[in-house]
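A.B. asks: I am attaching a structure below and will ask some questions about it afterwards.
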Amino acid sequence: DQQVKQNSPSLSVQEGRISILNCDYTNSMFDYFLWYKKYPAEGPTFLISISSIKDKNEDGRFTVFLNKSAKHLSLHIVPSQPGDSAVYFCAASGTSYDKVIFGPGTSLSVIP
Amino acid sequence: KAGVTQTPRYLIKTRGQQVTLSCSPISGHRSVSWYQQTPGQGLQFLFEYFSETQRNKGNFPGRFSGRQFSNSRSEMNVSTLELGDSALYLCASSLRRGQGLTEAFFGQGTRLTVV
């Protein structure tokens with residue numbers, strides 16, 4: 001049973017537009033959420049995180065929104081750039097000491 | 001500063017064999033986590049080691065095991081390989097625990113193919 005779901009395996013967006021990547025989770029004990037980006041032939045790199053006490057965290061072009069009641073989070077990239085083309089993984093953990101559970105990933109293609 | 005080094009990068013093994021993968025964390029990092037990545041499944045947590053002790057374990061059969069040495073280098077071993085073990089195995093290192101992987105750095109992974 002997948003505790004972290006990313007229902008869109010892929011997404012294509014025009015350069016300059018907004019990219020919205022979605023993530024749903026089932027475990028109500030999760031209270032810490034992260035997004036990772038992965039290029040081919042490289043390991044994932046941490047992008048942005050949010051704890052359950054917040055509903056929004058922003059870092060430059062990247063913003064993560066958390067809706068705890070819906071058990072849903074989303075990553076917004078504005079404006080999207082071709083270099084953002086990668087696989088994005090959503091991840092969650094119960095506490096900072098807990099194992100981190102990853103979703104299956106969404107492959108984002110930003111078209112110039 | 002050197003990054004996380006995983007060796008070998010690629011490996012082909014036959015069903016029934018065993019394999020050992022190695023991960024050298026960033027110098028000074030004491031926490032090492034292992035993940036299995038397969039298409040459609042994302043990164044599945046295998047185990048975490050800190051100061052030579054296994055601190056967390058994922059839902060994998062006992063054929064998957066690991067260890068960490070006093071210099072923080074870690075190895076994972078898979079015995080009696082099955083075709084379904086074909087995957088990219090990723091190692092992540094961090095300075096200490098309790099960071100929820102925000103300050104963890106991943107290696108490039110070892111691509112294991114079981115034939």
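By order in the structure tokens, chains are A, B, ...; within a chain, residues start at 1; ligands start at 1, following the order shown.
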Neighbouring residues of range 17-21 of chain A were defined as those with any atom within 7 Å, considering only C-alpha atoms; residues of the same chain fewer than 6 positions away were excluded. Please report them as a ChimeraX atom specification.
C.D. replies: /A:74-80
A.B. asks: Could you write those residues out with N, CA, C and O atoms, as a PDB file, in the first residue's frame?
C.D. replies:
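See result_23.pdb below for the written result:
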ATOM      1  N   SER A  74       1.339  20.208  -2.754  1.00  0.00           N
ATOM      2  CA  SER A  74       1.673  20.495  -4.147  1.00  0.00           C
ATOM      3  C   SER A  74       2.931  21.348  -4.205  1.00  0.00           C
ATOM      4  O   SER A  74       3.228  22.111  -3.283  1.00  0.00           O
ATOM      5  N   LEU A  75       3.641  21.186  -5.289  1.00  0.00           N
ATOM      6  CA  LEU A  75       4.845  21.977  -5.554  1.00  0.00           C
ATOM      7  C   LEU A  75       4.559  22.849  -6.779  1.00  0.00           C
ATOM      8  O   LEU A  75       4.168  22.335  -7.827  1.00  0.00           O
ATOM      9  N   HIS A  76       4.739  24.157  -6.608  1.00  0.00           N
ATOM     10  CA  HIS A  76       4.541  25.084  -7.706  1.00  0.00           C
ATOM     11  C   HIS A  76       5.894  25.627  -8.139  1.00  0.00           C
ATOM     12  O   HIS A  76       6.694  26.057  -7.283  1.00  0.00           O
ATOM     13  N   ILE A  77       6.125  25.623  -9.434  1.00  0.00           N
ATOM     14  CA  ILE A  77       7.360  26.180  -9.977  1.00  0.00           C
ATOM     15  C   ILE A  77       6.961  27.303 -10.933  1.00  0.00           C
ATOM     16  O   ILE A  77       6.269  27.077 -11.931  1.00  0.00           O
ATOM     17  N   VAL A  78       7.376  28.521 -10.577  1.00  0.00           N
ATOM     18  CA  VAL A  78       7.011  29.682 -11.383  1.00  0.00           C
ATOM     19  C   VAL A  78       8.192  30.652 -11.488  1.00  0.00           C
ATOM     20  O   VAL A  78       8.696  31.081 -10.444  1.00  0.00           O
ATOM     21  N   PRO A  79       8.616  31.044 -12.674  1.00  0.00           N
ATOM     22  CA  PRO A  79       8.222  30.457 -13.951  1.00  0.00           C
ATOM     23  C   PRO A  79       9.023  29.186 -14.228  1.00  0.00           C
ATOM     24  O   PRO A  79      10.157  29.044 -13.750  1.00  0.00           O
ATOM     25  N   SER A  80       8.468  28.298 -14.963  1.00  0.00           N
ATOM     26  CA  SER A  80       9.161  27.047 -15.287  1.00  0.00           C
ATOM     27  C   SER A  80      10.255  27.315 -16.319  1.00  0.00           C
ATOM     28  O   SER A  80      10.085  28.124 -17.237  1.00  0.00           O
TER      29      SER A  80
END
A.B. asks: Counting only C-alpha atoms, which residues of chain A come no farther than 9 Å from chain B, as a PDB file with C-alpha atoms, in the first residue's frame?
C.D. replies:
ATOM      1  CA  GLN A   2       1.567   3.244  -1.145  1.00  0.00           C
ATOM      2  CA  PRO A   9       3.602   9.975 -13.850  1.00  0.00           C
ATOM      3  CA  TYR A  32       7.187  16.528   7.603  1.00  0.00           C
ATOM      4  CA  PHE A  33       7.206  16.683   3.827  1.00  0.00           C
ATOM      5  CA  LEU A  34       9.926  17.120   1.264  1.00  0.00           C
ATOM      6  CA  ALA A  41      22.250   9.403 -14.001  1.00  0.00           C
ATOM      7  CA  GLU A  42      22.344  11.533 -10.845  1.00  0.00           C
ATOM      8  CA  GLY A  43      21.139  10.981  -7.305  1.00  0.00           C
ATOM      9  CA  PRO A  44      18.113  12.938  -6.030  1.00  0.00           C
ATOM     10  CA  THR A  45      18.769  16.390  -4.623  1.00  0.00           C
ATOM     11  CA  PHE A  46      16.731  18.049  -1.911  1.00  0.00           C
ATOM     12  CA  LEU A  47      14.569  20.890  -3.194  1.00  0.00           C
ATOM     13  CA  ILE A  48      12.216  22.192  -0.514  1.00  0.00           C
ATOM     14  CA  SER A  49      10.423  20.994   2.615  1.00  0.00           C
ATOM     15  CA  PHE A  89       9.734  12.984  -5.840  1.00  0.00           C
ATOM     16  CA  ALA A  92       7.090  12.313   3.927  1.00  0.00           C
ATOM     17  CA  SER A  93       8.112  11.258   7.404  1.00  0.00           C
ATOM     18  CA  THR A  95       9.201  12.723  12.697  1.00  0.00           C
ATOM     19  CA  SER A  96      12.593  14.029  11.748  1.00  0.00           C
ATOM     20  CA  TYR A  97      14.096  10.791  13.071  1.00  0.00           C
ATOM     21  CA  ASP A  98      11.730   8.570  11.159  1.00  0.00           C
ATOM     22  CA  LYS A  99      12.374   6.907   7.833  1.00  0.00           C
ATOM     23  CA  VAL A 100      11.384   8.980   4.848  1.00  0.00           C
ATOM     24  CA  ILE A 101       8.768   7.511   2.502  1.00  0.00           C
ATOM     25  CA  PHE A 102       8.979   8.552  -1.131  1.00  0.00           C
ATOM     26  CA  GLY A 103       6.286   8.710  -3.791  1.00  0.00           C
ATOM     27  CA  PRO A 104       6.770   7.158  -7.253  1.00  0.00           C
ATOM     28  CA  GLY A 105       7.784  10.450  -8.852  1.00  0.00           C
TER      29      GLY A 105
END
A.B. asks: If we count only C-alpha atoms and set the cut-off at 10 Å, which residues sit around Ser70 in chain B, ignoring sequence neighbours fewer than 2 positions away in its own chain? Please answer as a ChimeraX atom specification.
C.D. replies: /B:30,51-52,68,72-74
A.B. asks: With N, CA and C atoms retained, write the just-selected residues as a PDB file, in the first residue's frame.
C.D. replies:
ATOM      1  N   ARG B  30      27.850  10.842   9.384  1.00  0.00           N
ATOM      2  CA  ARG B  30      27.767   9.605  10.145  1.00  0.00           C
ATOM      3  C   ARG B  30      26.507   8.798   9.859  1.00  0.00           C
ATOM      4  N   SER B  51      26.355   5.675  13.270  1.00  0.00           N
ATOM      5  CA  SER B  51      27.366   5.207  14.226  1.00  0.00           C
ATOM      6  C   SER B  51      27.388   3.686  14.310  1.00  0.00           C
ATOM      7  N   GLU B  52      27.442   3.071  13.167  1.00  0.00           N
ATOM      8  CA  GLU B  52      27.602   1.614  13.017  1.00  0.00           C
ATOM      9  C   GLU B  52      26.390   0.802  13.477  1.00  0.00           C
ATOM     10  N   GLN B  68      27.568  -0.875   8.703  1.00  0.00           N
ATOM     11  CA  GLN B  68      28.323   0.359   8.615  1.00  0.00           C
ATOM     12  C   GLN B  68      29.608   0.183   9.415  1.00  0.00           C
ATOM     13  N   SER B  72      32.333   5.133   8.864  1.00  0.00           N
ATOM     14  CA  SER B  72      31.002   5.494   8.337  1.00  0.00           C
ATOM     15  C   SER B  72      30.701   4.915   6.959  1.00  0.00           C
ATOM     16  N   ARG B  73      31.660   4.317   6.319  1.00  0.00           N
ATOM     17  CA  ARG B  73      31.354   3.645   5.052  1.00  0.00           C
ATOM     18  C   ARG B  73      30.342   2.547   5.307  1.00  0.00           C
ATOM     19  N   SER B  74      29.485   2.346   4.316  1.00  0.00           N
ATOM     20  CA  SER B  74      28.424   1.351   4.500  1.00  0.00           C
ATOM     21  C   SER B  74      28.390   0.395   3.319  1.00  0.00           C
TER      22      SER B  74
END
A.B. asks: Where does DSSP see strand (DSSP E or B) in range 20-109 of chain A, if you list the residues as a PyMOL selection string?
C.D. replies: chain A and resi 20-25+32-38+45-51+56-59+62-67+72-77+86-93+101-102+106-109
A.B. asks: Figure out the distance between CA of Thr14 in chain B and CA of Thr113 in chain B, please, to one decimal in Å.
C.D. replies: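 Calculated distance between CA of Thr113 in chain B and CA of Thr14 in chain B is 8.4 Å.
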A.B. asks: At what distance in Å, to one decimal, does CA of Ser31 in chain B lie from CA of Tyr49 in chain B?
C.D. replies: 5.7 Å
